[in-house]
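> Next comes the structure file coords-v9.pdb, holding PDB, C-alpha atoms and all ligand atoms.
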```
ATOM      1  CA  MET O   1      18.412 -17.587 -29.894
ATOM      2  CA  THR O   2      19.337 -14.338 -28.211
ATOM      3  CA  ALA O   3      19.711 -11.486 -30.632
ATOM      4  CA  GLU O   4      22.944  -9.604 -30.911
ATOM      5  CA  LEU O   5      22.254  -5.918 -30.283
ATOM      6  CA  ILE O   6      23.362  -3.388 -32.894
ATOM      7  CA  ASP O   7      24.818  -0.560 -30.834
ATOM      8  CA  GLY O   8      23.903   2.771 -32.452
ATOM      9  CA  ASN O   9      26.049   4.730 -29.999
ATOM     10  CA  ALA O  10      29.195   2.737 -30.781
ATOM     11  CA  LEU O  11      28.596   2.860 -34.544
ATOM     12  CA  SER O  12      27.857   6.598 -34.326
ATOM     13  CA  LYS O  13      31.102   7.189 -32.494
ATOM     14  CA  GLN O  14      33.015   5.441 -35.243
ATOM     15  CA  LEU O  15      31.223   7.303 -38.048
ATOM     16  CA  ARG O  16      31.573  10.649 -36.271
ATOM     17  CA  GLN O  17      35.331  10.105 -35.956
ATOM     18  CA  ASP O  18      35.414   9.689 -39.719
ATOM     19  CA  VAL O  19      33.375  12.891 -40.158
ATOM     20  CA  ALA O  20      35.752  14.748 -37.809
ATOM     21  CA  ALA O  21      38.758  13.594 -39.857
ATOM     22  CA  ARG O  22      37.090  14.673 -43.119
ATOM     23  CA  ALA O  23      36.113  18.017 -41.562
ATOM     24  CA  ALA O  24      39.709  18.612 -40.442
ATOM     25  CA  ALA O  25      40.989  17.781 -43.933
ATOM     26  CA  LEU O  26      38.518  20.188 -45.545
ATOM     27  CA  ARG O  27      39.342  22.924 -43.016
ATOM     28  CA  ALA O  28      42.996  22.508 -43.924
ATOM     29  CA  ARG O  29      41.975  23.302 -47.516
ATOM     30  CA  GLY O  30      40.204  26.475 -46.362
ATOM     31  CA  THR O  31      36.589  25.322 -46.063
ATOM     32  CA  THR O  32      34.822  24.754 -42.754
ATOM     33  CA  PRO O  33      31.703  22.625 -43.242
ATOM     34  CA  GLY O  34      28.681  24.552 -42.000
ATOM     35  CA  LEU O  35      25.160  23.576 -41.000
ATOM     36  CA  ALA O  36      22.296  25.999 -40.379
ATOM     37  CA  VAL O  37      19.530  24.755 -38.095
ATOM     38  CA  VAL O  38      16.324  26.771 -38.150
ATOM     39  CA  LEU O  39      13.816  26.433 -35.335
ATOM     40  CA  VAL O  40      10.459  28.202 -35.343
ATOM     41  CA  GLY O  41       8.423  28.243 -32.140
ATOM     42  CA  ASP O  42       9.043  26.617 -28.769
ATOM     43  CA  ASN O  43       8.127  22.946 -29.214
ATOM     44  CA  PRO O  44      10.062  21.369 -26.279
ATOM     45  CA  ALA O  45      11.030  18.187 -28.159
ATOM     46  CA  SER O  46      12.267  20.240 -31.121
ATOM     47  CA  GLN O  47      14.368  22.367 -28.786
ATOM     48  CA  VAL O  48      16.110  19.253 -27.469
ATOM     49  CA  TYR O  49      16.635  17.888 -30.995
ATOM     50  CA  VAL O  50      18.176  21.079 -32.369
ATOM     51  CA  ARG O  51      20.422  21.467 -29.323
ATOM     52  CA  ASN O  52      21.701  17.940 -29.896
ATOM     53  CA  LYS O  53      22.277  18.632 -33.593
ATOM     54  CA  VAL O  54      24.257  21.805 -32.885
ATOM     55  CA  LYS O  55      26.317  20.063 -30.200
ATOM     56  CA  ALA O  56      27.069  17.140 -32.530
ATOM     57  CA  CYS O  57      28.388  19.622 -35.112
ATOM     58  CA  GLU O  58      30.650  21.287 -32.554
ATOM     59  CA  ASP O  59      31.991  17.926 -31.376
ATOM     60  CA  SER O  60      32.922  16.914 -34.932
ATOM     61  CA  GLY O  61      34.535  20.196 -36.014
ATOM     62  CA  LEU O  62      31.632  21.443 -38.120
ATOM     63  CA  HIS O  63      30.477  25.042 -37.955
ATOM     64  CA  SER O  64      26.823  25.394 -37.016
ATOM     65  CA  VAL O  65      24.383  28.258 -36.800
ATOM     66  CA  LEU O  66      21.168  27.982 -34.824
ATOM     67  CA  GLU O  67      18.481  30.411 -35.912
ATOM     68  CA  LYS O  68      15.548  30.589 -33.494
ATOM     69  CA  TYR O  69      12.343  32.408 -34.338
ATOM     70  CA  ASN O  70       9.098  33.053 -32.500
ATOM     71  CA  ALA O  71       6.099  30.906 -33.404
ATOM     72  CA  ASP O  72       4.450  33.888 -35.118
ATOM     73  CA  LEU O  73       7.184  34.206 -37.768
ATOM     74  CA  SER O  74       5.455  34.602 -41.129
ATOM     75  CA  GLU O  75       5.885  32.062 -43.897
ATOM     76  CA  ALA O  76       7.263  34.810 -46.161
ATOM     77  CA  ASP O  77       9.914  35.741 -43.580
ATOM     78  CA  LEU O  78      10.929  32.102 -43.147
ATOM     79  CA  LEU O  79      11.196  31.661 -46.922
ATOM     80  CA  ALA O  80      13.370  34.776 -47.053
ATOM     81  CA  ARG O  81      15.689  33.308 -44.391
ATOM     82  CA  VAL O  82      15.957  30.043 -46.293
ATOM     83  CA  ASP O  83      16.800  31.981 -49.454
ATOM     84  CA  ALA O  84      19.542  33.877 -47.617
ATOM     85  CA  LEU O  85      20.997  30.621 -46.300
ATOM     86  CA  ASN O  86      20.863  29.123 -49.807
ATOM     87  CA  HIS O  87      23.195  31.936 -50.895
ATOM     88  CA  ASP O  88      25.454  31.903 -47.814
ATOM     89  CA  PRO O  89      28.819  30.351 -48.819
ATOM     90  CA  ALA O  90      29.624  29.430 -45.184
ATOM     91  CA  ILE O  91      26.535  27.208 -45.019
ATOM     92  CA  HIS O  92      26.577  23.829 -46.778
ATOM     93  CA  GLY O  93      23.567  22.223 -45.105
ATOM     94  CA  ILE O  94      20.193  23.686 -44.107
ATOM     95  CA  LEU O  95      17.811  22.002 -41.715
ATOM     96  CA  VAL O  96      14.431  23.488 -40.884
ATOM     97  CA  GLN O  97      13.223  21.636 -37.817
ATOM     98  CA  LEU O  98       9.770  20.072 -38.152
ATOM     99  CA  PRO O  99       6.995  20.405 -37.141
ATOM    100  CA  LEU O 100       6.500  24.018 -38.159
ATOM    101  CA  PRO O 101       3.634  26.138 -36.770
ATOM    102  CA  ALA O 102       0.317  25.432 -38.521
ATOM    103  CA  HIS O 103       0.219  28.742 -40.435
ATOM    104  CA  ILE O 104       3.392  27.775 -42.329
ATOM    105  CA  ASP O 105       3.276  25.348 -45.259
ATOM    106  CA  ALA O 106       6.122  22.984 -44.310
ATOM    107  CA  GLN O 107       6.386  21.420 -47.762
ATOM    108  CA  LYS O 108       6.715  24.849 -49.359
ATOM    109  CA  VAL O 109       9.573  25.674 -46.973
ATOM    110  CA  ILE O 110      11.323  22.363 -47.662
ATOM    111  CA  GLU O 111      11.026  22.934 -51.419
ATOM    112  CA  ALA O 112      12.632  26.364 -50.945
ATOM    113  CA  ILE O 113      15.850  24.785 -49.647
ATOM    114  CA  SER O 114      18.466  24.343 -52.344
ATOM    115  CA  PRO O 115      18.712  20.583 -53.096
ATOM    116  CA  ALA O 116      22.517  20.986 -52.854
ATOM    117  CA  LYS O 117      22.032  21.951 -49.175
ATOM    118  CA  ASP O 118      19.121  19.622 -48.370
ATOM    119  CA  VAL O 119      20.967  17.527 -45.791
ATOM    120  CA  ASP O 120      17.660  16.275 -44.346
ATOM    121  CA  GLY O 121      16.913  14.712 -47.731
ATOM    122  CA  PHE O 122      13.295  15.914 -47.563
ATOM    123  CA  HIS O 123      13.239  17.982 -50.810
ATOM    124  CA  ILE O 124      11.266  16.481 -53.660
ATOM    125  CA  ALA O 125      14.473  16.536 -55.741
ATOM    126  CA  SER O 126      16.225  14.441 -53.066
ATOM    127  CA  ALA O 127      13.295  12.002 -53.035
ATOM    128  CA  GLY O 128      13.468  11.770 -56.826
ATOM    129  CA  ALA O 129      17.219  11.220 -56.733
ATOM    130  CA  LEU O 130      16.789   8.380 -54.261
ATOM    131  CA  MET O 131      14.058   6.833 -56.394
ATOM    132  CA  THR O 132      16.136   6.908 -59.554
ATOM    133  CA  GLY O 133      19.531   6.140 -57.987
ATOM    134  CA  ALA O 134      20.939   9.593 -58.863
ATOM    135  CA  PRO O 135      23.315  11.368 -56.458
ATOM    136  CA  GLY O 136      21.472  13.276 -53.743
ATOM    137  CA  PHE O 137      20.997  13.360 -49.996
ATOM    138  CA  TRP O 138      19.266  10.459 -48.290
ATOM    139  CA  PRO O 139      16.971  11.068 -45.299
ATOM    140  CA  CYS O 140      19.039  10.568 -42.170
ATOM    141  CA  THR O 141      17.017   7.958 -40.255
ATOM    142  CA  PRO O 142      16.676   5.318 -43.001
ATOM    143  CA  TYR O 143      20.240   6.091 -44.121
ATOM    144  CA  GLY O 144      21.337   5.320 -40.550
ATOM    145  CA  CYS O 145      19.429   2.029 -40.700
ATOM    146  CA  MET O 146      21.332   1.094 -43.860
ATOM    147  CA  LYS O 147      24.625   1.848 -42.077
ATOM    148  CA  MET O 148      23.535  -0.436 -39.221
ATOM    149  CA  LEU O 149      22.914  -3.293 -41.660
ATOM    150  CA  GLU O 150      26.273  -2.574 -43.291
ATOM    151  CA  SER O 151      27.962  -2.666 -39.866
ATOM    152  CA  ILE O 152      26.934  -6.294 -39.352
ATOM    153  CA  GLY O 153      28.044  -7.185 -42.885
ATOM    154  CA  TYR O 154      24.504  -7.986 -43.937
ATOM    155  CA  ASP O 155      24.070  -8.710 -47.666
ATOM    156  CA  LEU O 156      20.550  -7.662 -48.681
ATOM    157  CA  ARG O 157      20.628  -9.231 -52.156
ATOM    158  CA  GLY O 158      17.640 -11.524 -52.543
ATOM    159  CA  LYS O 159      16.533 -11.050 -48.941
ATOM    160  CA  HIS O 160      12.937 -10.206 -48.098
ATOM    161  CA  ALA O 161      12.709  -6.902 -46.240
ATOM    162  CA  VAL O 162       9.460  -5.781 -44.660
ATOM    163  CA  VAL O 163       9.085  -2.116 -43.752
ATOM    164  CA  ILE O 164       6.247  -1.289 -41.374
ATOM    165  CA  GLY O 165       5.253   2.346 -41.905
ATOM    166  CA  ARG O 166       5.034   4.495 -45.041
ATOM    167  CA  SER O 167       6.048   7.991 -43.952
ATOM    168  CA  ASN O 168       7.928  10.216 -46.381
ATOM    169  CA  ILE O 169      10.700  10.582 -43.813
ATOM    170  CA  VAL O 170      11.308   6.925 -42.909
ATOM    171  CA  GLY O 171       9.107   4.186 -44.406
ATOM    172  CA  LYS O 172       9.115   5.122 -48.093
ATOM    173  CA  PRO O 173      12.806   6.119 -48.375
ATOM    174  CA  MET O 174      13.752   3.051 -46.299
ATOM    175  CA  ALA O 175      12.002   0.793 -48.810
ATOM    176  CA  LEU O 176      13.823   2.449 -51.722
ATOM    177  CA  MET O 177      17.222   2.093 -50.048
ATOM    178  CA  LEU O 178      16.603  -1.605 -49.362
ATOM    179  CA  LEU O 179      15.470  -2.048 -52.973
ATOM    180  CA  GLN O 180      18.623  -0.358 -54.215
ATOM    181  CA  LYS O 181      20.591  -3.054 -52.369
ATOM    182  CA  ASN O 182      18.591  -5.718 -54.206
ATOM    183  CA  ALA O 183      16.268  -6.803 -51.431
ATOM    184  CA  THR O 184      12.703  -7.832 -52.209
ATOM    185  CA  VAL O 185      10.725  -5.197 -50.345
ATOM    186  CA  THR O 186       7.234  -5.151 -48.871
ATOM    187  CA  ILE O 187       5.795  -1.979 -47.343
ATOM    188  CA  CYS O 188       3.146  -2.564 -44.687
ATOM    189  CA  HIS O 189       0.893   0.109 -43.219
ATOM    190  CA  SER O 190      -2.356   0.698 -41.379
ATOM    191  CA  GLY O 191      -4.305  -0.743 -44.320
ATOM    192  CA  THR O 192      -2.321  -4.002 -44.403
ATOM    193  CA  LYS O 193      -4.741  -6.900 -43.837
ATOM    194  CA  ASP O 194      -2.470  -9.470 -42.193
ATOM    195  CA  LEU O 195       0.695  -7.831 -40.891
ATOM    196  CA  LYS O 196       1.884 -10.972 -39.134
ATOM    197  CA  ALA O 197       1.677 -13.022 -42.359
ATOM    198  CA  MET O 198       3.982 -10.449 -43.971
ATOM    199  CA  THR O 199       6.515 -10.070 -41.172
ATOM    200  CA  LEU O 200       6.822 -13.844 -40.718
ATOM    201  CA  GLN O 201       8.243 -14.001 -44.262
ATOM    202  CA  ALA O 202      10.822 -11.305 -43.586
ATOM    203  CA  ASP O 203      14.585 -11.685 -43.296
ATOM    204  CA  VAL O 204      14.790  -8.019 -42.300
ATOM    205  CA  ILE O 205      12.082  -6.000 -40.552
ATOM    206  CA  VAL O 206      12.133  -2.249 -40.066
ATOM    207  CA  ALA O 207       9.464  -1.019 -37.661
ATOM    208  CA  ALA O 208       8.714   2.682 -38.184
ATOM    209  CA  VAL O 209       5.181   3.337 -37.051
ATOM    210  CA  GLY O 210       5.469   5.251 -33.773
ATOM    211  CA  LYS O 211       3.365   2.818 -31.728
ATOM    212  CA  ARG O 212       4.405   0.400 -28.994
ATOM    213  CA  ASN O 213       4.390  -3.354 -29.583
ATOM    214  CA  VAL O 214       3.700  -3.148 -33.312
ATOM    215  CA  LEU O 215       6.065  -6.093 -33.649
ATOM    216  CA  THR O 216       5.958  -8.972 -31.175
ATOM    217  CA  ALA O 217       7.941 -12.225 -31.007
ATOM    218  CA  ASP O 218       5.223 -14.339 -32.680
ATOM    219  CA  MET O 219       5.501 -12.094 -35.767
ATOM    220  CA  VAL O 220       9.225 -12.652 -36.325
ATOM    221  CA  LYS O 221      10.910 -15.484 -38.230
ATOM    222  CA  PRO O 222      13.737 -16.998 -36.160
ATOM    223  CA  GLY O 223      17.051 -15.390 -37.141
ATOM    224  CA  ALA O 224      15.536 -12.269 -38.732
ATOM    225  CA  VAL O 225      17.244  -8.886 -38.368
ATOM    226  CA  VAL O 226      15.011  -6.301 -36.686
ATOM    227  CA  LEU O 227      15.540  -2.537 -36.755
ATOM    228  CA  ASP O 228      13.375  -0.467 -34.416
ATOM    229  CA  VAL O 229      12.860   3.142 -35.497
ATOM    230  CA  GLY O 230      10.090   3.850 -32.961
ATOM    231  CA  MET O 231      10.440   6.302 -30.103
ATOM    232  CA  ASN O 232       7.596   5.917 -27.605
ATOM    233  CA  ARG O 233       6.980   5.832 -23.868
ATOM    234  CA  ASP O 234       5.742   2.785 -22.005
ATOM    235  CA  ASP O 235       3.192   2.889 -19.151
ATOM    236  CA  ALA O 236       5.954   3.675 -16.669
ATOM    237  CA  GLY O 237       7.114   6.586 -18.834
ATOM    238  CA  LYS O 238      10.246   4.740 -19.965
ATOM    239  CA  LEU O 239      11.511   5.249 -23.517
ATOM    240  CA  CYS O 240      10.648   2.343 -25.805
ATOM    241  CA  GLY O 241      10.420   1.553 -29.493
ATOM    242  CA  ASP O 242       7.811  -0.042 -31.754
ATOM    243  CA  VAL O 243       9.177  -3.530 -31.044
ATOM    244  CA  ASP O 244       8.473  -5.698 -28.010
ATOM    245  CA  PHE O 245      12.172  -5.731 -27.175
ATOM    246  CA  ASP O 246      12.335  -8.582 -24.647
ATOM    247  CA  GLY O 247      10.145 -10.894 -26.722
ATOM    248  CA  VAL O 248      11.772 -10.232 -30.093
ATOM    249  CA  LYS O 249      15.267 -10.434 -28.602
ATOM    250  CA  ALA O 250      14.667 -14.135 -28.046
ATOM    251  CA  VAL O 251      13.813 -14.768 -31.721
ATOM    252  CA  ALA O 252      15.808 -12.333 -33.892
ATOM    253  CA  SER O 253      19.481 -12.700 -34.820
ATOM    254  CA  HIS O 254      20.119  -8.937 -34.553
ATOM    255  CA  LEU O 255      18.064  -6.176 -32.953
ATOM    256  CA  THR O 256      18.466  -2.452 -32.340
ATOM    257  CA  PRO O 257      17.694  -1.243 -28.795
ATOM    258  CA  VAL O 258      15.690   1.858 -27.877
ATOM    259  CA  PRO O 259      17.315   4.054 -26.698
ATOM    260  CA  GLY O 260      20.828   3.628 -28.109
ATOM    261  CA  GLY O 261      19.912   2.126 -31.481
ATOM    262  CA  VAL O 262      18.632   3.984 -34.520
ATOM    263  CA  GLY O 263      18.199   7.264 -32.561
ATOM    264  CA  PRO O 264      21.850   8.347 -32.382
ATOM    265  CA  MET O 265      22.349   7.319 -36.007
ATOM    266  CA  THR O 266      19.943   9.997 -37.262
ATOM    267  CA  ILE O 267      22.109  12.892 -36.089
ATOM    268  CA  THR O 268      25.235  11.056 -37.204
ATOM    269  CA  MET O 269      23.913  10.765 -40.748
ATOM    270  CA  LEU O 270      23.021  14.465 -40.671
ATOM    271  CA  LEU O 271      26.716  15.143 -39.998
ATOM    272  CA  VAL O 272      27.694  12.751 -42.799
ATOM    273  CA  ASN O 273      25.329  14.504 -45.234
ATOM    274  CA  THR O 274      26.573  17.954 -44.199
ATOM    275  CA  MET O 275      30.161  16.800 -44.638
ATOM    276  CA  GLU O 276      29.294  15.437 -48.060
ATOM    277  CA  ALA O 277      27.569  18.712 -49.035
ATOM    278  CA  ALA O 278      30.624  20.707 -47.980
ATOM    279  CA  GLU O 279      32.999  18.426 -49.893
ATOM    280  CA  ARG O 280      30.859  18.637 -53.028
ATOM    281  CA  SER O 281      30.706  22.422 -52.716
ATOM    282  CA  ALA O 282      34.488  22.708 -52.213
ATOM    283  CA  SER O 283      35.242  20.603 -55.263
ATOM    284  CA  SER O 284      32.725  22.258 -57.580
TER     285      SER O 284
HETATM  286  N1  LIG O 301      11.702  16.667 -36.647
HETATM  287  C1  LIG O 301      11.880  15.424 -36.133
HETATM  288  N2  LIG O 301      12.884  14.801 -36.788
HETATM  289  C2  LIG O 301      13.334  15.648 -37.728
HETATM  290  C3  LIG O 301      14.356  15.581 -38.698
HETATM  291  O1  LIG O 301      15.068  14.580 -38.851
HETATM  292  N3  LIG O 301      14.541  16.696 -39.459
HETATM  293  C4  LIG O 301      13.780  17.805 -39.325
HETATM  294  N4  LIG O 301      14.018  18.831 -40.146
HETATM  295  N5  LIG O 301      12.807  17.893 -38.425
HETATM  296  C5  LIG O 301      12.597  16.824 -37.629
END
```
Could you spell out this file's structure in structure tokens?
Ligand code: GUN

Amino acid sequence: MTAELIDGNALSKQLRQDVAARAAALRARGTTPGLAVVLVGDNPASQVYVRNKVKACEDSGLHSVLEKYNADLSEADLLARVDALNHDPAIHGILVQLPLPAHIDAQKVIEAISPAKDVDGFHIASAGALMTGAPGFWPCTPYGCMKMLESIGYDLRGKHAVVIGRSNIVGKPMALMLLQKNATVTICHSGTKDLKAMTLQADVIVAAVGKRNVLTADMVKPGAVVLDVGMNRDDAGKLCGDVDFDGVKAVASHLTPVPGGVGPMTITMLLVNTMEAAERSASS
């Protein structure tokens, strides 16, 4: 079997066209959806990420504001900025880029964002909403993974999904989303005794560890669907995921490439969440 690749760029393009149409419709009713992106310090990767987020907004007809601060910004000053954005009617989504400098308590800053504007889905209220099935914003990366499964018409009911990784941003919310779609879900992590025994039972595997070759062909049941959330570099410096792509491609039915898989979906779902926040605000 050679896996069919799930093209995150193509799916993103489609979803972003939908966002652009919704943004145009909302603008026609007098509201321009707005996202504020806050960057503290000069982490080079963060600078690339926020630039891409701002550009994606522009391309889809969303208003965006990029607020850049020096690494020595105090926690109190950052909290004051978040508070101002919470009260700014032109801003519907607030994203504080992580990581933050060590002297700032990131969780405290996230909790200061109004849940109505928490388009990252990192607020404890958003996590609680996801856990209980209440309306709220879902974290963008696992939400993008769900859209990828939807794009291939995959019915999760009764399927066994194995999530490798238990971060608050990907692994845990991913497991809850899969559960909500009636999958039987196993979360594996660094303490898991026999990872291969788990993954071999899986109909769907999501690899979200941040380490190369966490999942190899011998660990995958023939015909399984494999989503690769990893973003690593191989020995030659080439971008790669957590999955041994060439090996697993020969066993899985569907597989996401790196780059061009889950990566572009993360920003796309940020646009979707911002759009949703603006629509909710306009109709409230
Ligand atoms: N840093 C890396 N990815 C993300 C993300 O999705 N959101 C935020 N706020 N920071 C990040």
> Leaving out range 238-245 of chain O and any residue of its chain fewer than 6 positions from it, which residues lie within 12 Å of it when counting only C-alpha atoms, given as a PyMOL selection string?
chain O and resi 2-3+5+164-165+205-220+226-232+251-252+254-263
> Given the PyMOL selection byres (((chain O and resi 103-111) around 9) and not hetatm) and the file above, list the residues it selects as a list of chain:residue names.
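So the PyMOL selection byres (((chain O and resi 103-111) around 9) and not hetatm) ends up selecting O:Asp72, O:Leu73, O:Ser74, O:Glu75, O:Ala76, O:Leu78, O:Leu79, O:Val82, O:Leu95, O:Val96, O:Leu98, O:Pro99, O:Leu100, O:Pro101, O:Ala102, O:Ala112, O:Ile113, O:Ser114, O:Pro115, O:Asp118, O:Phe122, O:His123, O:Ile124, O:Ala125.
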> Output C-alpha atoms of each residue in that selection to a file, as an mmCIF file, in the coordinates of the input.

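Generated output (again.cif):
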```
data_model
loop_
_atom_site.group_PDB
_atom_site.id
_atom_site.type_symbol
_atom_site.label_atom_id
_atom_site.label_comp_id
_atom_site.auth_asym_id
_atom_site.auth_seq_id
_atom_site.Cartn_x
_atom_site.Cartn_y
_atom_site.Cartn_z
ATOM 1 C CA ASP O 72 4.450 33.888 -35.118
ATOM 2 C CA LEU O 73 7.184 34.206 -37.768
ATOM 3 C CA SER O 74 5.455 34.602 -41.129
ATOM 4 C CA GLU O 75 5.885 32.062 -43.897
ATOM 5 C CA ALA O 76 7.263 34.810 -46.161
ATOM 6 C CA LEU O 78 10.929 32.102 -43.147
ATOM 7 C CA LEU O 79 11.196 31.661 -46.922
ATOM 8 C CA VAL O 82 15.957 30.043 -46.293
ATOM 9 C CA LEU O 95 17.811 22.002 -41.715
ATOM 10 C CA VAL O 96 14.431 23.488 -40.884
ATOM 11 C CA LEU O 98 9.770 20.072 -38.152
ATOM 12 C CA PRO O 99 6.995 20.405 -37.141
ATOM 13 C CA LEU O 100 6.500 24.018 -38.159
ATOM 14 C CA PRO O 101 3.634 26.138 -36.770
ATOM 15 C CA ALA O 102 0.317 25.432 -38.521
ATOM 16 C CA ALA O 112 12.632 26.364 -50.945
ATOM 17 C CA ILE O 113 15.850 24.785 -49.647
ATOM 18 C CA SER O 114 18.466 24.343 -52.344
ATOM 19 C CA PRO O 115 18.712 20.583 -53.096
ATOM 20 C CA ASP O 118 19.121 19.622 -48.370
ATOM 21 C CA PHE O 122 13.295 15.914 -47.563
ATOM 22 C CA HIS O 123 13.239 17.982 -50.810
ATOM 23 C CA ILE O 124 11.266 16.481 -53.660
ATOM 24 C CA ALA O 125 14.473 16.536 -55.741
#
```
> Carefully work through the PyMOL selection byres (((not hetatm)) within 10 of (chain O and resi 301)) for this structure and note down the residues it includes, as a PyMOL selection string.
chain O and resi 37-39+45-46+49-50+53+94-100+106+110+118-122+139-141+169-170+266-267+269-270
> Can you list what the PyMOL selection byres (((chain O and resi 62) around 10) and not hetatm) grabs from this structure, as a PyMOL selection string?
chain O and resi 19-20+23-24+27+32-35+54-61+63-64+271+274-275+278
> Figure out the distance between CA of Gln180 in chain O and CA of Val204 in chain O, please, to one decimal in Å.
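Computed distance, CA of Val204 in chain O to CA of Gln180 in chain O, equals 14.7 Å.
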> With distances taken over all atoms listed in the file, which of O:Ala224, O:Met265, O:Met177, O:Val185 is nearest to Val248 in chain O?
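Smallest separation from Val248 in chain O among the options: O:Ala224.
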> Rounded to one decimal place, report the CA of Lys221 in chain O-CA of Leu200 in chain O distance in Å.
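Separation of CA of Lys221 in chain O and CA of Leu200 in chain O: 5.1 Å.
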> Between O:Ala10, O:Ala71, O:Ala236, O:Leu85, which residue has the minimum interatomic distance to Ala36 in chain O, considering only C-alpha atoms?
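Under the stated criterion, the closest residue is O:Leu85.
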> Between O:Ala134, O:Cys145, O:Ala80, O:Ala25, which is the closest to Asp7 in chain O once you count all atoms listed in the file?
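Among the listed residues, O:Cys145 lies closest to Asp7 in chain O.
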> Hey, which of O:Asp234, O:Asn86, O:Val65, O:Met1 ends up closest to Gly247 in chain O? Count only C-alpha atoms.
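For Gly247 in chain O, the nearest of the given residues is O:Met1.
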